[in-house]
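The next block is run.csv, given as CSV, C-alpha atoms.
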```
chain,number,residue,atom,x,y,z
A,10,MET,CA,-9.9,33.2,49.8
A,11,ASP,CA,-12.4,30.7,48.5
A,12,TYR,CA,-15.1,33.4,48.3
A,13,ARG,CA,-12.7,35.7,46.5
A,14,LEU,CA,-11.8,33.1,43.9
A,15,GLN,CA,-15.5,32.2,43.4
A,16,TYR,CA,-16.3,35.9,43.0
A,17,LEU,CA,-13.5,36.5,40.5
A,18,VAL,CA,-14.8,33.6,38.4
A,19,MET,CA,-18.3,35.0,38.5
A,20,ILE,CA,-17.2,38.5,37.6
A,21,ASP,CA,-15.7,37.2,34.4
A,22,ARG,CA,-19.0,38.1,32.8
A,23,LEU,CA,-21.2,40.3,34.9
A,24,HIS,CA,-24.5,40.5,33.0
A,25,SER,CA,-25.6,43.5,35.1
A,26,LEU,CA,-22.6,45.5,33.8
A,27,ASP,CA,-23.3,44.4,30.2
A,28,PHE,CA,-26.8,45.7,30.7
A,29,LEU,CA,-25.6,49.0,32.3
A,30,ARG,CA,-23.4,49.7,29.3
A,31,ALA,CA,-26.3,49.1,26.9
A,32,PHE,CA,-28.6,51.1,29.1
A,33,ALA,CA,-26.2,54.1,29.2
A,34,LEU,CA,-26.1,54.1,25.4
A,35,LEU,CA,-29.9,53.8,25.1
A,36,MET,CA,-30.4,56.7,27.5
A,37,GLY,CA,-28.4,58.7,25.1
A,38,VAL,CA,-31.2,58.2,22.5
A,39,LEU,CA,-33.7,59.5,25.1
A,40,LEU,CA,-31.5,62.5,25.9
A,41,HIS,CA,-31.3,63.6,22.3
A,42,VAL,CA,-35.1,63.6,22.2
A,43,LEU,CA,-35.4,65.6,25.4
A,44,MET,CA,-32.8,68.1,24.1
A,45,LEU,CA,-35.4,69.4,21.6
A,46,PHE,CA,-37.5,70.6,24.6
A,47,LEU,CA,-34.7,72.5,26.3
A,48,GLU,CA,-34.7,75.2,23.6
A,49,PRO,CA,-37.8,74.5,21.4
A,50,PHE,CA,-37.3,75.7,17.8
A,51,ASP,CA,-40.8,77.3,17.9
A,52,GLY,CA,-39.6,79.8,20.5
A,53,SER,CA,-41.8,78.4,23.3
A,54,GLU,CA,-40.7,78.0,26.9
A,55,PRO,CA,-38.4,75.0,27.8
A,56,ARG,CA,-40.3,72.1,29.3
A,57,LEU,CA,-39.6,71.7,33.0
A,58,GLY,CA,-40.4,68.0,33.1
A,59,ALA,CA,-38.1,67.3,30.1
A,60,SER,CA,-35.4,69.5,31.7
A,61,ILE,CA,-35.5,67.5,35.0
A,62,ILE,CA,-35.3,64.1,33.3
A,63,PHE,CA,-32.6,65.4,31.0
A,64,ILE,CA,-30.3,66.8,33.7
A,65,TRP,CA,-30.7,63.7,35.9
A,66,ILE,CA,-29.7,61.3,33.2
A,67,HIS,CA,-27.0,63.6,31.9
A,68,THR,CA,-25.4,63.8,35.4
A,69,TRP,CA,-24.4,60.1,35.5
A,70,ARG,CA,-24.8,58.6,32.0
A,71,MET,CA,-21.4,59.3,30.3
A,72,PRO,CA,-19.3,59.0,33.5
A,73,LEU,CA,-21.0,55.6,34.1
A,74,PHE,CA,-20.1,54.5,30.5
A,75,MET,CA,-16.5,55.6,31.0
A,76,LEU,CA,-16.3,53.7,34.3
A,77,LEU,CA,-17.6,50.6,32.6
A,78,ALA,CA,-15.1,51.0,29.8
A,79,GLY,CA,-12.3,51.1,32.3
A,80,PHE,CA,-13.8,48.0,34.1
A,81,PHE,CA,-13.9,46.0,30.9
A,82,THR,CA,-10.5,47.2,29.9
A,83,ALA,CA,-8.9,45.9,33.1
A,84,LEU,CA,-10.8,42.6,32.6
A,85,SER,CA,-9.7,42.2,29.0
A,86,ILE,CA,-6.0,42.9,29.4
A,87,GLN,CA,-5.9,40.1,31.9
A,88,LYS,CA,-6.6,37.7,29.0
A,89,ARG,CA,-4.9,39.3,26.0
A,90,ASP,CA,-1.9,41.3,25.1
A,91,VAL,CA,-2.3,45.1,25.5
A,92,GLY,CA,-1.1,45.8,22.0
A,93,ASN,CA,-3.7,43.3,20.6
A,94,TYR,CA,-6.4,44.9,22.7
A,95,ALA,CA,-5.5,48.4,21.6
A,96,LEU,CA,-5.7,47.4,18.0
A,97,ASN,CA,-9.1,45.8,18.8
A,98,ARG,CA,-10.3,49.1,20.3
A,99,LEU,CA,-8.9,51.1,17.3
A,100,ILE,CA,-11.0,49.1,14.9
A,101,ARG,CA,-14.2,48.8,17.0
A,102,LEU,CA,-14.2,52.5,18.0
A,103,GLY,CA,-12.6,54.0,15.0
A,104,VAL,CA,-14.8,52.4,12.3
A,105,PRO,CA,-18.0,53.9,13.7
A,106,ILE,CA,-16.4,57.4,13.4
A,107,LEU,CA,-15.5,56.6,9.8
A,108,ILE,CA,-19.1,55.6,9.3
A,109,LEU,CA,-20.3,58.9,10.7
A,110,TRP,CA,-18.1,60.8,8.2
A,111,ALA,CA,-19.1,58.5,5.3
A,112,VAL,CA,-22.8,57.9,5.5
A,113,ILE,CA,-24.5,59.6,8.4
A,114,PRO,CA,-26.0,63.1,7.6
A,115,GLU,CA,-24.7,66.1,9.5
A,116,ILE,CA,-27.4,67.9,11.6
A,117,ASP,CA,-27.3,71.7,11.4
A,118,GLU,CA,-30.0,73.3,13.4
A,119,GLY,CA,-28.9,76.8,12.4
A,120,THR,CA,-29.9,76.5,8.7
A,121,ASN,CA,-33.1,75.9,6.8
A,122,ASP,CA,-31.7,72.6,5.6
A,123,LEU,CA,-31.6,70.6,8.9
A,124,PHE,CA,-29.7,67.7,7.4
A,125,LYS,CA,-26.4,68.2,5.4
A,126,LEU,CA,-24.7,65.6,3.3
A,127,PRO,CA,-22.3,63.3,5.0
A,128,GLU,CA,-18.7,64.6,4.8
A,129,LEU,CA,-17.4,62.0,2.4
A,130,ILE,CA,-20.3,62.6,-0.1
A,131,SER,CA,-19.9,66.4,0.3
A,132,TYR,CA,-16.2,66.0,-0.6
A,133,LEU,CA,-16.8,63.7,-3.6
A,134,LEU,CA,-19.7,65.7,-5.0
A,135,HIS,CA,-18.8,69.3,-4.1
A,136,ASP,CA,-15.2,69.2,-3.1
A,137,ILE,CA,-16.1,70.5,0.4
A,138,PRO,CA,-13.2,69.8,2.9
A,139,PHE,CA,-13.7,67.3,5.7
A,140,THR,CA,-14.4,68.9,9.1
A,141,LEU,CA,-13.9,65.6,10.9
A,142,ARG,CA,-16.9,66.2,13.0
A,143,LEU,CA,-17.6,64.0,16.1
A,144,ASP,CA,-21.2,64.8,16.9
A,145,HIS,CA,-22.6,62.3,19.4
A,146,LEU,CA,-19.6,60.0,19.0
A,147,TRP,CA,-17.2,62.3,20.8
A,148,PHE,CA,-16.8,59.8,23.6
A,149,LEU,CA,-15.4,57.2,21.2
A,150,TYR,CA,-12.7,59.7,20.3
A,151,TYR,CA,-11.8,60.1,24.0
A,152,LEU,CA,-11.7,56.3,24.5
A,153,LEU,CA,-9.3,56.0,21.5
A,154,ILE,CA,-7.0,58.5,23.3
A,155,PHE,CA,-7.3,56.5,26.6
A,156,TYR,CA,-6.4,53.3,24.8
A,157,GLY,CA,-3.5,55.0,23.0
A,158,VAL,CA,-2.1,56.2,26.4
A,159,LEU,CA,-2.6,52.7,27.8
A,160,LEU,CA,-0.5,51.2,24.9
A,161,LEU,CA,2.2,53.9,25.4
A,162,LEU,CA,2.3,53.1,29.1
A,163,ASN,CA,2.6,49.4,28.4
A,164,CYS,CA,5.6,50.1,26.1
A,165,ILE,CA,7.3,52.4,28.5
A,166,THR,CA,6.6,50.9,31.9
A,167,PRO,CA,4.2,47.9,31.9
A,168,LYS,CA,4.3,47.9,35.7
A,169,ALA,CA,2.3,51.2,35.7
A,170,ILE,CA,-0.8,49.4,34.3
A,171,LYS,CA,-0.5,46.6,36.8
A,172,PHE,CA,-0.2,49.2,39.6
A,173,ILE,CA,-3.4,50.9,38.4
A,174,THR,CA,-5.4,47.6,38.2
A,175,ASP,CA,-4.0,46.1,41.4
A,176,CYS,CA,-5.0,49.2,43.5
A,177,GLU,CA,-8.2,48.1,45.1
A,178,LEU,CA,-10.9,50.7,45.8
A,179,SER,CA,-12.7,51.4,49.0
A,180,PHE,CA,-15.1,54.1,50.1
A,181,PHE,CA,-12.2,55.8,51.9
A,182,ARG,CA,-10.2,56.1,48.7
A,183,ILE,CA,-13.3,57.2,46.8
A,184,PHE,CA,-14.0,60.1,49.1
A,185,VAL,CA,-10.4,61.0,50.0
A,186,LEU,CA,-8.8,60.6,46.6
A,187,TRP,CA,-11.2,60.5,43.7
A,188,LEU,CA,-14.0,62.9,44.8
A,189,PRO,CA,-11.5,65.8,45.5
A,190,ILE,CA,-9.9,65.1,42.0
A,191,LEU,CA,-13.3,65.3,40.3
A,192,ILE,CA,-14.2,68.5,42.2
A,193,LEU,CA,-10.9,70.1,41.2
A,194,LEU,CA,-11.5,69.1,37.5
A,195,SER,CA,-15.1,70.2,37.4
A,196,PRO,CA,-14.3,73.9,36.6
A,197,LEU,CA,-12.3,72.7,33.6
A,198,ASN,CA,-15.0,70.3,32.6
A,199,LYS,CA,-17.8,72.9,32.9
A,200,PRO,CA,-16.0,76.3,32.7
A,201,THR,CA,-19.2,78.3,33.4
A,202,GLY,CA,-20.8,75.8,35.8
A,203,GLY,CA,-23.5,75.0,33.2
A,204,ILE,CA,-25.2,71.8,32.4
A,205,PHE,CA,-23.0,70.6,29.5
A,206,GLY,CA,-19.3,69.7,29.7
A,207,ASP,CA,-16.8,71.3,27.3
A,208,ILE,CA,-16.5,68.4,24.8
A,209,PRO,CA,-14.7,68.2,21.5
A,210,THR,CA,-16.6,68.7,18.3
A,211,THR,CA,-14.0,67.6,15.7
A,212,PHE,CA,-11.4,64.9,15.5
A,213,GLY,CA,-8.0,66.3,16.7
A,214,GLU,CA,-9.6,68.8,19.1
A,215,VAL,CA,-8.9,68.2,22.8
A,216,LYS,CA,-10.8,69.7,25.7
A,217,LEU,CA,-8.5,68.9,28.5
A,218,GLY,CA,-11.0,69.5,31.3
A,219,SER,CA,-13.6,67.1,30.1
A,220,MET,CA,-11.0,64.5,28.9
A,221,LEU,CA,-9.4,64.4,32.4
A,222,PHE,CA,-12.8,64.3,34.1
A,223,MET,CA,-13.8,61.3,32.0
A,224,ALA,CA,-10.4,59.7,32.3
A,225,SER,CA,-10.9,59.8,36.1
A,226,PHE,CA,-14.0,57.6,35.8
A,227,TYR,CA,-12.1,55.4,33.4
A,228,LEU,CA,-9.4,54.8,35.9
A,229,ILE,CA,-11.9,54.3,38.7
A,230,GLY,CA,-13.4,51.5,36.5
A,231,MET,CA,-10.0,49.9,36.0
A,232,GLN,CA,-9.5,49.8,39.8
A,233,ILE,CA,-13.0,48.6,40.6
A,234,GLN,CA,-12.5,45.4,38.5
A,235,LYS,CA,-10.4,43.7,41.2
A,236,SER,CA,-12.0,45.5,44.2
A,237,VAL,CA,-14.1,42.5,45.4
A,238,ARG,CA,-15.1,43.9,48.8
A,239,PHE,CA,-16.0,47.3,47.3
A,240,LEU,CA,-18.2,45.7,44.7
A,241,GLU,CA,-19.9,43.7,47.3
A,242,GLN,CA,-20.5,46.9,49.4
A,243,LEU,CA,-22.0,48.7,46.4
A,244,GLN,CA,-24.7,46.0,46.1
A,245,ARG,CA,-25.9,46.6,49.7
A,246,LYS,CA,-29.3,48.2,49.7
A,247,ARG,CA,-28.3,50.4,52.6
A,248,PHE,CA,-25.8,52.1,50.2
A,249,TRP,CA,-27.4,52.3,46.8
A,250,LEU,CA,-31.0,53.1,47.9
A,251,PRO,CA,-30.4,56.3,50.0
A,252,SER,CA,-27.5,57.4,47.7
A,253,LEU,CA,-29.8,57.0,44.6
A,254,ILE,CA,-32.6,59.0,46.2
A,255,ILE,CA,-30.6,61.8,47.9
A,256,MET,CA,-28.1,62.3,45.0
A,257,SER,CA,-30.9,62.4,42.5
A,258,LEU,CA,-32.2,65.5,44.2
A,259,VAL,CA,-28.9,67.4,43.7
A,260,PRO,CA,-29.0,67.9,39.9
A,261,ILE,CA,-32.6,68.9,40.2
A,262,GLY,CA,-31.7,71.5,42.8
A,263,LEU,CA,-28.8,72.8,40.7
A,264,LEU,CA,-31.2,73.0,37.8
A,265,GLY,CA,-33.5,75.3,39.8
A,266,TRP,CA,-30.5,77.4,41.1
A,267,GLY,CA,-29.0,77.8,37.7
A,268,GLY,CA,-32.3,78.6,36.1
A,269,MET,CA,-32.7,81.6,38.5
A,270,LYS,CA,-29.4,83.2,37.5
A,271,ASP,CA,-29.5,86.4,35.5
A,272,GLU,CA,-27.7,84.4,32.7
A,273,PRO,CA,-29.0,80.9,33.1
A,274,PHE,CA,-26.4,78.4,34.5
A,275,VAL,CA,-23.5,80.9,34.5
A,276,PHE,CA,-21.9,81.3,37.9
A,277,PHE,CA,-19.7,84.4,38.0
A,278,SER,CA,-18.9,84.2,41.7
A,279,VAL,CA,-15.9,81.9,42.5
A,280,PHE,CA,-17.7,80.7,45.7
A,281,GLU,CA,-20.9,79.8,43.8
A,282,MET,CA,-18.8,78.1,41.1
A,283,TRP,CA,-17.1,75.8,43.7
A,284,ILE,CA,-20.4,75.1,45.5
A,285,ALA,CA,-22.1,74.1,42.2
A,286,ASN,CA,-19.1,72.0,41.0
A,287,GLY,CA,-18.7,70.3,44.4
A,288,LEU,CA,-22.3,69.3,44.5
A,289,ALA,CA,-22.4,68.3,40.9
A,290,SER,CA,-19.3,66.1,41.1
A,291,SER,CA,-20.5,64.5,44.3
A,292,ALA,CA,-23.8,63.7,42.8
A,293,THR,CA,-22.2,62.3,39.6
A,294,LEU,CA,-19.9,60.0,41.5
A,295,LEU,CA,-22.4,58.7,43.9
A,296,LEU,CA,-25.1,58.3,41.3
A,297,VAL,CA,-22.7,56.3,39.1
A,298,LEU,CA,-21.8,54.0,42.0
A,299,SER,CA,-25.4,53.6,43.3
A,300,ILE,CA,-26.8,52.8,39.9
A,301,MET,CA,-24.0,50.3,39.4
A,302,GLY,CA,-24.8,48.8,42.8
A,303,PHE,CA,-28.5,48.7,42.1
A,304,ALA,CA,-28.0,46.9,38.8
A,305,MET,CA,-25.6,44.3,40.3
A,306,HIS,CA,-28.1,43.7,43.1
A,307,GLN,CA,-31.0,43.2,40.7
A,308,ILE,CA,-29.5,41.4,37.7
A,309,SER,CA,-27.6,38.2,38.2
A,310,SER,CA,-28.2,36.3,35.0
A,311,SER,CA,-28.8,36.9,31.3
A,312,SER,CA,-31.9,36.4,29.2
A,313,ARG,CA,-32.7,36.5,25.5
A,314,SER,CA,-34.1,40.0,25.7
A,315,LEU,CA,-31.1,41.2,27.7
A,316,SER,CA,-28.6,39.7,25.2
A,317,TRP,CA,-30.5,41.3,22.3
A,318,LEU,CA,-30.4,44.7,24.1
A,319,VAL,CA,-26.6,44.4,24.7
A,320,LYS,CA,-26.0,43.3,21.1
A,321,LEU,CA,-28.0,46.1,19.5
A,322,SER,CA,-27.2,49.0,21.8
A,323,TYR,CA,-24.0,50.0,20.0
A,324,PRO,CA,-25.3,50.2,16.5
A,325,ILE,CA,-28.5,51.8,17.8
A,326,TYR,CA,-26.5,54.6,19.3
A,327,VAL,CA,-24.3,55.1,16.3
A,328,PHE,CA,-27.2,55.5,13.8
A,329,HIS,CA,-30.0,56.9,16.0
A,330,LEU,CA,-29.6,60.7,15.8
A,331,MET,CA,-31.0,61.3,12.3
A,332,PHE,CA,-34.1,59.3,13.1
A,333,VAL,CA,-34.7,61.0,16.5
A,334,ILE,CA,-34.2,64.6,15.1
A,335,SER,CA,-36.3,64.0,12.0
A,336,VAL,CA,-39.3,62.3,13.7
A,337,SER,CA,-39.3,64.3,16.9
A,338,GLY,CA,-38.8,67.6,15.0
A,339,THR,CA,-41.6,66.9,12.6
A,340,LEU,CA,-44.0,65.9,15.3
A,341,MET,CA,-43.2,69.1,17.3
A,342,TYR,CA,-43.7,71.2,14.2
A,343,LEU,CA,-47.1,69.6,13.8
A,344,GLY,CA,-48.1,70.5,17.4
A,345,VAL,CA,-48.2,66.9,18.6
A,346,ASN,CA,-48.4,66.4,22.4
A,347,ASP,CA,-45.0,66.5,24.1
A,348,TRP,CA,-45.3,63.0,25.6
A,349,LEU,CA,-46.2,61.5,22.2
A,350,VAL,CA,-43.2,63.4,20.6
A,351,THR,CA,-40.9,61.8,23.2
A,352,LEU,CA,-42.4,58.4,22.8
A,353,PHE,CA,-42.3,58.3,19.0
A,354,GLY,CA,-39.0,60.1,18.8
A,355,PHE,CA,-37.4,57.5,21.2
A,356,ALA,CA,-39.1,54.6,19.4
A,357,SER,CA,-37.8,55.9,16.0
A,358,GLY,CA,-34.3,56.2,17.4
A,359,ILE,CA,-34.5,52.5,18.3
A,360,LEU,CA,-36.4,51.1,15.4
A,361,GLY,CA,-34.5,52.9,12.6
A,362,PRO,CA,-31.1,51.6,13.6
A,363,VAL,CA,-32.4,48.1,14.3
A,364,ILE,CA,-33.7,48.0,10.7
A,365,ILE,CA,-30.3,49.2,9.5
A,366,TYR,CA,-28.6,46.6,11.6
A,367,TYR,CA,-30.6,43.6,10.3
A,368,ALA,CA,-30.8,44.8,6.7
A,369,ILE,CA,-27.1,45.8,6.3
A,370,VAL,CA,-24.7,45.5,9.3
A,371,SER,CA,-25.5,41.9,10.3
A,372,TRP,CA,-24.6,40.7,6.7
A,373,THR,CA,-21.2,42.3,6.6
A,374,PRO,CA,-17.9,42.5,8.5
A,375,LEU,CA,-19.4,45.6,10.2
A,376,ASP,CA,-21.0,43.2,12.6
A,377,TRP,CA,-17.5,42.3,13.8
A,378,VAL,CA,-17.0,45.9,14.6
A,379,PHE,CA,-20.2,46.3,16.6
A,380,ASN,CA,-20.4,42.9,18.3
A,381,GLY,CA,-17.0,41.3,17.9
A,382,TYR,CA,-16.1,38.3,15.7
A,383,LYS,CA,-17.2,35.6,18.2
A,384,ASN,CA,-20.6,37.2,18.6
A,385,SER,CA,-21.3,37.7,14.9
A,386,LYS,CA,-22.8,35.2,12.5
A,387,TYR,CA,-21.0,36.7,9.5
A,388,ARG,CA,-18.0,34.8,8.3
A,389,SER,CA,-15.7,35.6,5.4
A,390,ASN,CA,-13.9,33.5,2.8
A,391,SER,CA,-11.2,36.2,2.5
A,392,SER,CA,-7.9,35.2,4.1
A,393,PHE,CA,-7.2,38.9,4.9
A,394,MET,CA,-10.5,39.4,6.6
A,395,ASN,CA,-10.0,36.2,8.6
A,396,ARG,CA,-6.6,37.4,9.8
A,397,LEU,CA,-8.2,40.7,10.8
A,398,ALA,CA,-10.9,38.9,12.7
A,399,LYS,CA,-8.5,37.6,15.3
A,400,TYR,CA,-8.2,41.2,16.6
A,401,LEU,CA,-12.0,41.5,16.9
```

Written as structure tokens, how would this file's structure read?
Amino acid sequence: MDYRLQYLVMIDRLHSLDFLRAFALLMGVLLHVLMLFLEPFDGSEPRLGASIIFIWIHTWRMPLFMLLAGFFTALSIQKRDVGNYALNRLIRLGVPILILWAVIPEIDEGTNDLFKLPELISYLLHDIPFTLRLDHLWFLYYLLIFYGVLLLLNCITPKAIKFITDCELSFFRIFVLWLPILILLSPLNKPTGGIFGDIPTTFGEVKLGSMLFMASFYLIGMQIQKSVRFLEQLQRKRFWLPSLIIMSLVPIGLLGWGGMKDEPFVFFSVFEMWIANGLASSATLLLVLSIMGFAMHQISSSSRSLSWLVKLSYPIYVFHLMFVISVSGTLMYLGVNDWLVTLFGFASGILGPVIIYYAIVSWTPLDWVFNGYKNSKYRSNSSFMNRLAKYL
């Protein structure tokens, strides 16, 4: 019991999971650079090295982020009212989507003009209706839905949330309950068995398969938060090292198998579809858990660089895409070496948003959205803004 209490105090702020959340966002920047090599605009062959790195990261990145979102949700609702927390999430997840519509250019690779005016500017200048696009922020939309369902559950039957968070995980429950659920949902998440899940492109659109697949990881995260013994088992080297090595080979093998199909990554046979989905789901779940265990094993304290990374990761991800596409695309057009394109594209996706953050965001209430009121240096004299700040 003493060990459990000590662990629960320590888990109040696991720096390793803060890092993982930031790392998952930053890997999204790299993915958007690598995407340019999957179907090069000059008609050249896809780059094998970029494809392998892409599919490996893509296999675990967003499920890991959803699991961590569930973990921190369970942690937060222990300290604050669910309604207060839901409003906090509405502001901190909804405002970046509004920023996307208002000031971030739309990318259209199918036209000569790669960048289109942001939706708000297009509407004001040319009376073009809003499409309510989501682009790379589709996962925020799903999280808004999850928090809405959480609030509804709390209103109808508060015991349901307690039941979810009090249900401790074990490897037995992972393999007997959650893995079969993920395998059953996989055909809905990836209807053709391809690389990409069927995700929403506009606000209001719901892709039930991918939403339920991501919701499963969100619920796993909510249950992990109190699963002390399970968290300790994840950190054991004899779990995360072999799992990380073996499961990393699965998406690479699926890449080779899918690439040999007559129509790449389209599995028409029901048997092949279930084999591909079963392997992909198993790899996703075990990679998420092994990466989490590895991070918890290696990172036990914070540092200035780690704190900076955690603080900047959210605004970096929101603003990165226009920098990545413009710089990487230009360098590819000029025939620059692929490794240099990747390096400078990724660097631009970090540096550009960092400049925006320090030049604009950090001086405004937007910093409350990205980092929370307590972690922001900005303070307002407005009574309304100060009342709003208590939700942030």

Leaving out A:Ala33 and any residue of its chain fewer than 2 positions from it, which residues lie within 12 Å of it when counting only C-alpha atoms, given as a PyMOL selection string? chain A and resi 26-31+35-40+66-78+297+300-301+318-319+322-323+325-326

Report as a PyMOL selection string all protein, DNA and RNA residues lying within 6 Å of stretch 359-375 of chain A, evaluated on all atoms listed in the file, omitting residues in the same chain fewer than 3 positions from it. chain A and resi 325+328-329+356+378

Go ahead and save the picked residues with C-alpha atoms, as an mmCIF file, keeping the file's coordinate frame.
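Saved file result.cif follows:
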```cif
data_model
loop_
_atom_site.group_PDB
_atom_site.id
_atom_site.type_symbol
_atom_site.label_atom_id
_atom_site.label_comp_id
_atom_site.auth_asym_id
_atom_site.auth_seq_id
_atom_site.Cartn_x
_atom_site.Cartn_y
_atom_site.Cartn_z
ATOM 1 C CA ILE A 325 -28.500 51.800 17.800
ATOM 2 C CA PHE A 328 -27.200 55.500 13.800
ATOM 3 C CA HIS A 329 -30.000 56.900 16.000
ATOM 4 C CA ALA A 356 -39.100 54.600 19.400
ATOM 5 C CA VAL A 378 -17.000 45.900 14.600
#
```

Counting all atoms listed in the file, which of A:Trp283, A:Tyr342, A:Tyr382, A:Tyr94 gets nearest to A:Leu153? A:Tyr94

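For the pair atom CA of A:Leu194 and atom CA of A:Ser219, the separation is 7.9 Å.
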
Against stretch 168-172 of chain A, which residues of stretch 49-133 of chain A fall within 10 Å? For each one I want the closest pair of atoms and the distance in Å (one decimal), counting only C-alpha atoms, rows by chain and increasing residue number, as JSON lines.
```
{"residue": "A:Ala83", "atom": "CA", "partner": "A:Ile170", "partner_atom": "CA", "distance": 8.9}
{"residue": "A:Ile86", "atom": "CA", "partner": "A:Ile170", "partner_atom": "CA", "distance": 9.7}
{"residue": "A:Gln87", "atom": "CA", "partner": "A:Lys171", "partner_atom": "CA", "distance": 9.8}
{"residue": "A:Val91", "atom": "CA", "partner": "A:Ile170", "partner_atom": "CA", "distance": 9.9}
```

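Taking atom CA of A:Ser60 and atom CA of A:Leu47 as the two end points, the separation is 6.2 Å.
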
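Reported to one decimal place, the separation of atom CA of A:Gly157 from atom CA of A:Val185 is 28.5 Å.
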
Contact residues around A:Met331 with only C-alpha atoms at 8 Å, ignoring same-chain residues under 6 positions, as a PDB file with C-alpha atoms, keeping the file's coordinate frame:
```
ATOM      1  CA  ILE A 113     -24.500  59.600   8.400  1.00  0.00           C
ATOM      2  CA  PRO A 114     -26.000  63.100   7.600  1.00  0.00           C
ATOM      3  CA  ILE A 116     -27.400  67.900  11.600  1.00  0.00           C
ATOM      4  CA  GLY A 358     -34.300  56.200  17.400  1.00  0.00           C
TER       5      GLY A 358
END
```

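With distances taken over all atoms listed in the file, A:Leu298 is the one residue among A:Val42, A:Leu298, A:Leu162, A:Leu264 lying closest to A:Ile229.
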
Residue with the minimum atom-to-atom distance to A:Leu243, picked from A:Trp348, A:Phe222, A:Phe205, A:Phe303 with all atoms listed in the file counted, is A:Phe303

List the neighbours of stretch 338-341 of chain A out to 10 Å using only C-alpha atoms; skip same-chain residues closer than 3 positions along the sequence, and give me the result as a count of residues only. 20

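If you measure from each of A:Tyr151, A:Val259, A:Trp187, A:Gln234 to A:Gly213 using all atoms listed in the file, the closest one turns out to be A:Tyr151.
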
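For A:Leu99, the list of residues within 12 Å, based on only C-alpha atoms and with local chain neighbours fewer than 6 positions off taken out, reads Gly92, Asn93, Pro105, Ile106, Leu107, Leu149, Tyr150, Tyr151, Leu152, Leu153, Ile154, Phe155, Tyr156, Gly157, Leu160, Val378, Tyr400 and Leu401 of chain A.
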